[in-house]
Amino acid sequence: MKSTLVPAKDQKWQITELPQPKPSPNQVLIKMHASGICFTDVHQTRGELPGPFPRTLGHEPVGEIVELGAGVRSRKVGDRVGVPWVQSSCMRCEWCLRGKPMFCAEQMGTSVNMPGGHAEYMLAFAEATVPIPDTVSDEQAAPIFCAGYTVYSGLRWGKPLPHETVAVVGIGGLGHLAVQYAKAAGFKTIAISHSPDKVALAKQLGADEVVKDGAGLAKLGGADLILGTSNSTDAMSDSIKGLRPDGRFVLMGFDAKNLQVSPSDLIMKRIQILGSQQNRRDFLYEALDFVAQGKVKVMTETYPFDKYQEAYERVEQGKPRFRAVLTF
Ligand SMILES: [Zn+2]
Ligand SMILES: [Zn+2]
């Protein structure tokens, strides 16, 4: 089979002919239909995140099951599935036993210690796979396994209540989905973006209002929940000025800078600063279901598999509007 490989840290991806893998017990073999490329692929290629080289990246994979390993009963050949980042964990440590496998130190991760989806075929543990609703296309489903899952988990983690207002800072790969999820879930939704060209877009995505910064948000009455999806920590810190008393700020966008929070805001407004990852499997189910209902649409650029280099370079330069997906 054809597979991309990152030969070594910070090296260009190469297409390589590899033997088609055989599923071990409890695994399935998936023929890839679509595989999203995310900025995390860039961090991985540069060696900024753990994982051995050479390896095949791709943590937003969607395809069709073509072979079952021994003992697989929950999936059938022909099932269309996607695979999230964390496939399995040790099931022995405190966090696994407490039902929080995201904190396990011995996770098996798609594109980390198991080859990812930027290849014609990939293996996955059957229990990690998630069936794709019939009305969701492969290209729409793939980015939900990372970007959609992440922002929807952040929305759920921030526990918005009826009548509350949700703001989204950063209208990009994550944020364009966060705005749609907040609106689809029934909340008054405010987009925060410095770019004038994002105003019309944010409204199209469902934002009730668009403001430039935290001061603008405060002027509108503020938000009870802010979803931080920007890759600028400064923009996210600034947005906290618009958080209402008892408000929650949920950080998902990554930047190496520290988040600045005023101690007086923390105390007097009793605000909460939360971090969030992909949290729980039921959040992925709901994230996919909103797409199936037609309430959330991923804005994608699709590239045939052999154009992977071009797709990767665009992601590296932050150019796609907003998710790049390889199709097979
Ligand atoms: Zn564990
Ligand atoms: Zn990703």
# chains A, B, ... in the order shown; residues from 1 in each chain; ligands from 1
>>> closest_atom_pairs(of="chain A", to="ligand 1", cutoff="10 Å", atoms="only C-alpha atoms and all ligand atoms", output="JSON lines")
{"residue": "A:Ser88", "atom": "CA", "partner": "ligand 1", "partner_atom_place_in_ligand_line": "1 (Zn)", "distance": 8.8}
{"residue": "A:Ser89", "atom": "CA", "partner": "ligand 1", "partner_atom_place_in_ligand_line": "1 (Zn)", "distance": 5.1}
{"residue": "A:Cys90", "atom": "CA", "partner": "ligand 1", "partner_atom_place_in_ligand_line": "1 (Zn)", "distance": 3.9}
{"residue": "A:Met91", "atom": "CA", "partner": "ligand 1", "partner_atom_place_in_ligand_line": "1 (Zn)", "distance": 4.8}
{"residue": "A:Arg92", "atom": "CA", "partner": "ligand 1", "partner_atom_place_in_ligand_line": "1 (Zn)", "distance": 5.2}
{"residue": "A:Cys93", "atom": "CA", "partner": "ligand 1", "partner_atom_place_in_ligand_line": "1 (Zn)", "distance": 4.1}
{"residue": "A:Glu94", "atom": "CA", "partner": "ligand 1", "partner_atom_place_in_ligand_line": "1 (Zn)", "distance": 6.7}
{"residue": "A:Trp95", "atom": "CA", "partner": "ligand 1", "partner_atom_place_in_ligand_line": "1 (Zn)", "distance": 5.7}
{"residue": "A:Cys96", "atom": "CA", "partner": "ligand 1", "partner_atom_place_in_ligand_line": "1 (Zn)", "distance": 4.3}
{"residue": "A:Leu97", "atom": "CA", "partner": "ligand 1", "partner_atom_place_in_ligand_line": "1 (Zn)", "distance": 7.3}
{"residue": "A:Arg98", "atom": "CA", "partner": "ligand 1", "partner_atom_place_in_ligand_line": "1 (Zn)", "distance": 9.3}
{"residue": "A:Gly99", "atom": "CA", "partner": "ligand 1", "partner_atom_place_in_ligand_line": "1 (Zn)", "distance": 9.3}
{"residue": "A:Lys100", "atom": "CA", "partner": "ligand 1", "partner_atom_place_in_ligand_line": "1 (Zn)", "distance": 8.4}
{"residue": "A:Pro101", "atom": "CA", "partner": "ligand 1", "partner_atom_place_in_ligand_line": "1 (Zn)", "distance": 6.0}
{"residue": "A:Met102", "atom": "CA", "partner": "ligand 1", "partner_atom_place_in_ligand_line": "1 (Zn)", "distance": 8.5}
{"residue": "A:Phe103", "atom": "CA", "partner": "ligand 1", "partner_atom_place_in_ligand_line": "1 (Zn)", "distance": 7.3}
{"residue": "A:Cys104", "atom": "CA", "partner": "ligand 1", "partner_atom_place_in_ligand_line": "1 (Zn)", "distance": 4.0}
{"residue": "A:Ala105", "atom": "CA", "partner": "ligand 1", "partner_atom_place_in_ligand_line": "1 (Zn)", "distance": 6.1}
{"residue": "A:Glu106", "atom": "CA", "partner": "ligand 1", "partner_atom_place_in_ligand_line": "1 (Zn)", "distance": 5.8}
{"residue": "A:Gln107", "atom": "CA", "partner": "ligand 1", "partner_atom_place_in_ligand_line": "1 (Zn)", "distance": 7.1}
>>> residues_near_ligand(ligand="ligand 2", cutoff="9 Å", atoms="only C-alpha atoms and all ligand atoms", output="list in words")
Gly36, Ile37, Cys38, Phe39, Thr40, Asp41, Gly58, His59, Glu60, Trp85, Pro143, Phe145, Cys146, Ala147 and Thr150 of chain A
>>> write_last_selection(atoms="N, CA, C and O atoms", output="PDB file, in the first residue's frame")
ATOM      1  N   GLY A  36      -7.875  14.003   7.553  1.00  0.00           N
ATOM      2  CA  GLY A  36      -7.665  15.432   7.747  1.00  0.00           C
ATOM      3  C   GLY A  36      -6.235  15.754   8.165  1.00  0.00           C
ATOM      4  O   GLY A  36      -5.594  14.982   8.875  1.00  0.00           O
ATOM      5  N   ILE A  37      -5.737  16.889   7.683  1.00  0.00           N
ATOM      6  CA  ILE A  37      -4.428  17.387   8.130  1.00  0.00           C
ATOM      7  C   ILE A  37      -4.694  18.615   8.996  1.00  0.00           C
ATOM      8  O   ILE A  37      -5.449  19.501   8.621  1.00  0.00           O
ATOM      9  N   CYS A  38      -4.034  18.638  10.140  1.00  0.00           N
ATOM     10  CA  CYS A  38      -4.318  19.644  11.157  1.00  0.00           C
ATOM     11  C   CYS A  38      -2.982  20.292  11.515  1.00  0.00           C
ATOM     12  O   CYS A  38      -1.926  19.750  11.187  1.00  0.00           O
ATOM     13  N   PHE A  39      -3.001  21.433  12.189  1.00  0.00           N
ATOM     14  CA  PHE A  39      -1.713  22.048  12.534  1.00  0.00           C
ATOM     15  C   PHE A  39      -0.913  21.147  13.485  1.00  0.00           C
ATOM     16  O   PHE A  39       0.318  21.236  13.534  1.00  0.00           O
ATOM     17  N   THR A  40      -1.590  20.255  14.189  1.00  0.00           N
ATOM     18  CA  THR A  40      -0.877  19.287  15.034  1.00  0.00           C
ATOM     19  C   THR A  40       0.067  18.422  14.194  1.00  0.00           C
ATOM     20  O   THR A  40       1.128  18.015  14.662  1.00  0.00           O
ATOM     21  N   ASP A  41      -0.299  18.170  12.934  1.00  0.00           N
ATOM     22  CA  ASP A  41       0.601  17.424  12.044  1.00  0.00           C
ATOM     23  C   ASP A  41       1.936  18.159  11.897  1.00  0.00           C
ATOM     24  O   ASP A  41       2.991  17.538  11.748  1.00  0.00           O
ATOM     25  N   GLY A  58      -1.515  11.488  10.761  1.00  0.00           N
ATOM     26  CA  GLY A  58      -2.923  11.466  10.355  1.00  0.00           C
ATOM     27  C   GLY A  58      -3.800  11.032  11.514  1.00  0.00           C
ATOM     28  O   GLY A  58      -3.962   9.835  11.750  1.00  0.00           O
ATOM     29  N   HIS A  59      -4.359  12.015  12.246  1.00  0.00           N
ATOM     30  CA  HIS A  59      -5.177  11.665  13.414  1.00  0.00           C
ATOM     31  C   HIS A  59      -6.643  12.072  13.215  1.00  0.00           C
ATOM     32  O   HIS A  59      -7.382  12.227  14.173  1.00  0.00           O
ATOM     33  N   GLU A  60      -7.039  12.255  11.934  1.00  0.00           N
ATOM     34  CA  GLU A  60      -8.448  12.553  11.625  1.00  0.00           C
ATOM     35  C   GLU A  60      -8.868  11.602  10.506  1.00  0.00           C
ATOM     36  O   GLU A  60      -9.266  12.035   9.434  1.00  0.00           O
ATOM     37  N   TRP A  85      -8.054  10.293  18.372  1.00  0.00           N
ATOM     38  CA  TRP A  85      -6.636  10.353  18.761  1.00  0.00           C
ATOM     39  C   TRP A  85      -6.266   9.208  19.717  1.00  0.00           C
ATOM     40  O   TRP A  85      -5.343   8.448  19.475  1.00  0.00           O
ATOM     41  N   PRO A 143     -12.566  15.898   9.911  1.00  0.00           N
ATOM     42  CA  PRO A 143     -12.117  16.932  10.857  1.00  0.00           C
ATOM     43  C   PRO A 143     -12.873  16.924  12.183  1.00  0.00           C
ATOM     44  O   PRO A 143     -12.406  17.496  13.167  1.00  0.00           O
ATOM     45  N   PHE A 145     -13.182  14.395  14.003  1.00  0.00           N
ATOM     46  CA  PHE A 145     -12.432  13.525  14.916  1.00  0.00           C
ATOM     47  C   PHE A 145     -11.330  14.261  15.668  1.00  0.00           C
ATOM     48  O   PHE A 145     -10.764  13.729  16.623  1.00  0.00           O
ATOM     49  N   CYS A 146     -10.988  15.472  15.230  1.00  0.00           N
ATOM     50  CA  CYS A 146     -10.033  16.262  16.010  1.00  0.00           C
ATOM     51  C   CYS A 146     -10.641  17.619  16.326  1.00  0.00           C
ATOM     52  O   CYS A 146     -11.033  17.893  17.451  1.00  0.00           O
ATOM     53  N   ALA A 147     -10.777  18.478  15.314  1.00  0.00           N
ATOM     54  CA  ALA A 147     -11.228  19.854  15.566  1.00  0.00           C
ATOM     55  C   ALA A 147     -12.632  19.898  16.164  1.00  0.00           C
ATOM     56  O   ALA A 147     -12.882  20.576  17.162  1.00  0.00           O
ATOM     57  N   THR A 150     -12.768  18.418  19.683  1.00  0.00           N
ATOM     58  CA  THR A 150     -12.102  19.308  20.636  1.00  0.00           C
ATOM     59  C   THR A 150     -13.013  20.462  21.047  1.00  0.00           C
ATOM     60  O   THR A 150     -13.241  20.699  22.234  1.00  0.00           O
TER      61      THR A 150
END
>>> residues_around(residues="region 275-286 of chain A", least_positions_apart="4", cutoff="9 Å", atoms="only C-alpha atoms", output="ChimeraX atom specification")
/A:84-85,100,102,130,144-146,148-154,156-158,249-252,290-291
>>> select_by_dssp(residues="region 12-216 of chain A", states="strand (DSSP E)", output="PyMOL selection string")
chain A and resi 14-17+27-37+61-68+80-82+86-88+108-109+121-125+130-131+165-169+188-192+209-211
>>> residues_around(residues="region 120-122 of chain A", least_positions_apart="5", cutoff="9 Å", atoms="only C-alpha atoms", output="short mmCIF file (atom, residue, chain, number, x, y, z; two decimals) with C-alpha atoms, in the first residue's frame")
data_model
loop_
_atom_site.label_atom_id
_atom_site.label_comp_id
_atom_site.auth_asym_id
_atom_site.auth_seq_id
_atom_site.Cartn_x
_atom_site.Cartn_y
_atom_site.Cartn_z
CA MET A 1 0.00 0.00 0.00
CA LYS A 2 1.03 3.61 -0.46
CA SER A 3 1.72 5.48 2.74
CA GLN A 20 -0.58 -3.85 3.74
CA PRO A 21 -0.95 -4.32 7.52
CA VAL A 28 -9.70 -3.80 12.24
CA LEU A 29 -8.12 -2.83 8.93
CA ILE A 30 -9.55 0.37 7.48
CA LYS A 31 -9.34 1.40 3.82
CA MET A 32 -9.00 5.16 4.02
CA HIS A 33 -11.56 7.44 2.42
CA PRO A 61 -8.97 9.32 9.67
CA GLY A 63 -12.68 4.98 6.01
CA MET A 114 0.08 3.59 15.94
CA PRO A 115 0.37 4.60 12.27
CA PHE A 305 -3.95 11.80 -1.58
CA PHE A 328 -8.55 8.66 -1.50
#
>>> closest_residue(among="A:Ser193, A:Ser262, A:Ser230, A:Thr129", to="Lys212 (chain A)", atoms="only C-alpha atoms")
A:Ser193
>>> residues_around(residues="region 237-241 of chain A", least_positions_apart="2", cutoff="6 Å", atoms="only C-alpha atoms", output="JSON, numbers by chain")
{"A": [213, 214, 234, 235, 243, 259, 260]}
>>> atom_distance(atom1="CA of Gln140 (chain A)", atom2="CA of Gly78 (chain A)")
18.9 Å
>>> residues_around(residues="Asp79 (chain A)", least_positions_apart="2", cutoff="6 Å", atoms="only C-alpha atoms", output="VMD selection string")
chain A and resid 64 to 65 76 to 77
>>> select_by_dssp(residues="region 110-174 of chain A", states="alpha helix (DSSP H)", output="list in words")
Asp138, Glu139, Gln140, Ala141, Ala142, Pro143, Tyr149, Thr150, Val151, Tyr152, Ser153, Gly154, Leu155, Arg156 and Trp157 of chain A
>>> write_last_selection(atoms="N, CA, C and O atoms", output="PDB file, in the first residue's frame")
ATOM      1  N   ASP A 138     -17.499  11.558   4.107  1.00  0.00           N
ATOM      2  CA  ASP A 138     -16.165  11.261   4.642  1.00  0.00           C
ATOM      3  C   ASP A 138     -15.398  12.546   4.931  1.00  0.00           C
ATOM      4  O   ASP A 138     -14.760  12.696   5.963  1.00  0.00           O
ATOM      5  N   GLU A 139     -15.484  13.509   3.981  1.00  0.00           N
ATOM      6  CA  GLU A 139     -14.718  14.759   4.117  1.00  0.00           C
ATOM      7  C   GLU A 139     -15.228  15.595   5.286  1.00  0.00           C
ATOM      8  O   GLU A 139     -14.476  16.313   5.923  1.00  0.00           O
ATOM      9  N   GLN A 140     -16.541  15.526   5.529  1.00  0.00           N
ATOM     10  CA  GLN A 140     -17.116  16.267   6.654  1.00  0.00           C
ATOM     11  C   GLN A 140     -16.771  15.583   7.977  1.00  0.00           C
ATOM     12  O   GLN A 140     -16.540  16.247   8.986  1.00  0.00           O
ATOM     13  N   ALA A 141     -16.742  14.259   7.953  1.00  0.00           N
ATOM     14  CA  ALA A 141     -16.535  13.527   9.205  1.00  0.00           C
ATOM     15  C   ALA A 141     -15.101  13.649   9.715  1.00  0.00           C
ATOM     16  O   ALA A 141     -14.874  13.801  10.922  1.00  0.00           O
ATOM     17  N   ALA A 142     -14.121  13.606   8.802  1.00  0.00           N
ATOM     18  CA  ALA A 142     -12.718  13.507   9.239  1.00  0.00           C
ATOM     19  C   ALA A 142     -12.328  14.611  10.231  1.00  0.00           C
ATOM     20  O   ALA A 142     -11.846  14.313  11.332  1.00  0.00           O
ATOM     21  N   PRO A 143     -12.566  15.898   9.911  1.00  0.00           N
ATOM     22  CA  PRO A 143     -12.117  16.932  10.857  1.00  0.00           C
ATOM     23  C   PRO A 143     -12.873  16.924  12.183  1.00  0.00           C
ATOM     24  O   PRO A 143     -12.406  17.496  13.167  1.00  0.00           O
ATOM     25  N   TYR A 149     -14.407  17.482  17.637  1.00  0.00           N
ATOM     26  CA  TYR A 149     -14.426  16.808  18.942  1.00  0.00           C
ATOM     27  C   TYR A 149     -13.846  17.745  20.006  1.00  0.00           C
ATOM     28  O   TYR A 149     -14.383  17.887  21.101  1.00  0.00           O
ATOM     29  N   THR A 150     -12.768  18.418  19.683  1.00  0.00           N
ATOM     30  CA  THR A 150     -12.102  19.308  20.636  1.00  0.00           C
ATOM     31  C   THR A 150     -13.013  20.462  21.047  1.00  0.00           C
ATOM     32  O   THR A 150     -13.241  20.699  22.234  1.00  0.00           O
ATOM     33  N   VAL A 151     -13.556  21.179  20.069  1.00  0.00           N
ATOM     34  CA  VAL A 151     -14.329  22.374  20.442  1.00  0.00           C
ATOM     35  C   VAL A 151     -15.670  22.002  21.064  1.00  0.00           C
ATOM     36  O   VAL A 151     -16.144  22.680  21.964  1.00  0.00           O
ATOM     37  N   TYR A 152     -16.264  20.929  20.589  1.00  0.00           N
ATOM     38  CA  TYR A 152     -17.538  20.538  21.195  1.00  0.00           C
ATOM     39  C   TYR A 152     -17.306  20.087  22.642  1.00  0.00           C
ATOM     40  O   TYR A 152     -18.104  20.387  23.529  1.00  0.00           O
ATOM     41  N   SER A 153     -16.175  19.397  22.884  1.00  0.00           N
ATOM     42  CA  SER A 153     -15.824  19.001  24.252  1.00  0.00           C
ATOM     43  C   SER A 153     -15.625  20.224  25.133  1.00  0.00           C
ATOM     44  O   SER A 153     -16.004  20.221  26.304  1.00  0.00           O
ATOM     45  N   GLY A 154     -15.026  21.275  24.574  1.00  0.00           N
ATOM     46  CA  GLY A 154     -14.812  22.505  25.342  1.00  0.00           C
ATOM     47  C   GLY A 154     -16.128  23.175  25.695  1.00  0.00           C
ATOM     48  O   GLY A 154     -16.322  23.669  26.807  1.00  0.00           O
ATOM     49  N   LEU A 155     -17.039  23.162  24.725  1.00  0.00           N
ATOM     50  CA  LEU A 155     -18.372  23.739  24.972  1.00  0.00           C
ATOM     51  C   LEU A 155     -19.060  22.983  26.105  1.00  0.00           C
ATOM     52  O   LEU A 155     -19.580  23.574  27.057  1.00  0.00           O
ATOM     53  N   ARG A 156     -19.011  21.657  26.043  1.00  0.00           N
ATOM     54  CA  ARG A 156     -19.666  20.834  27.075  1.00  0.00           C
ATOM     55  C   ARG A 156     -18.978  21.012  28.424  1.00  0.00           C
ATOM     56  O   ARG A 156     -19.613  21.042  29.468  1.00  0.00           O
ATOM     57  N   TRP A 157     -17.635  21.136  28.386  1.00  0.00           N
ATOM     58  CA  TRP A 157     -16.852  21.247  29.621  1.00  0.00           C
ATOM     59  C   TRP A 157     -17.133  22.571  30.333  1.00  0.00           C
ATOM     60  O   TRP A 157     -17.084  22.662  31.545  1.00  0.00           O
TER      61      TRP A 157
END
>>> atom_distance(atom1="CA of Ala8 (chain A)", atom2="CA of Leu57 (chain A)")
12.2 Å
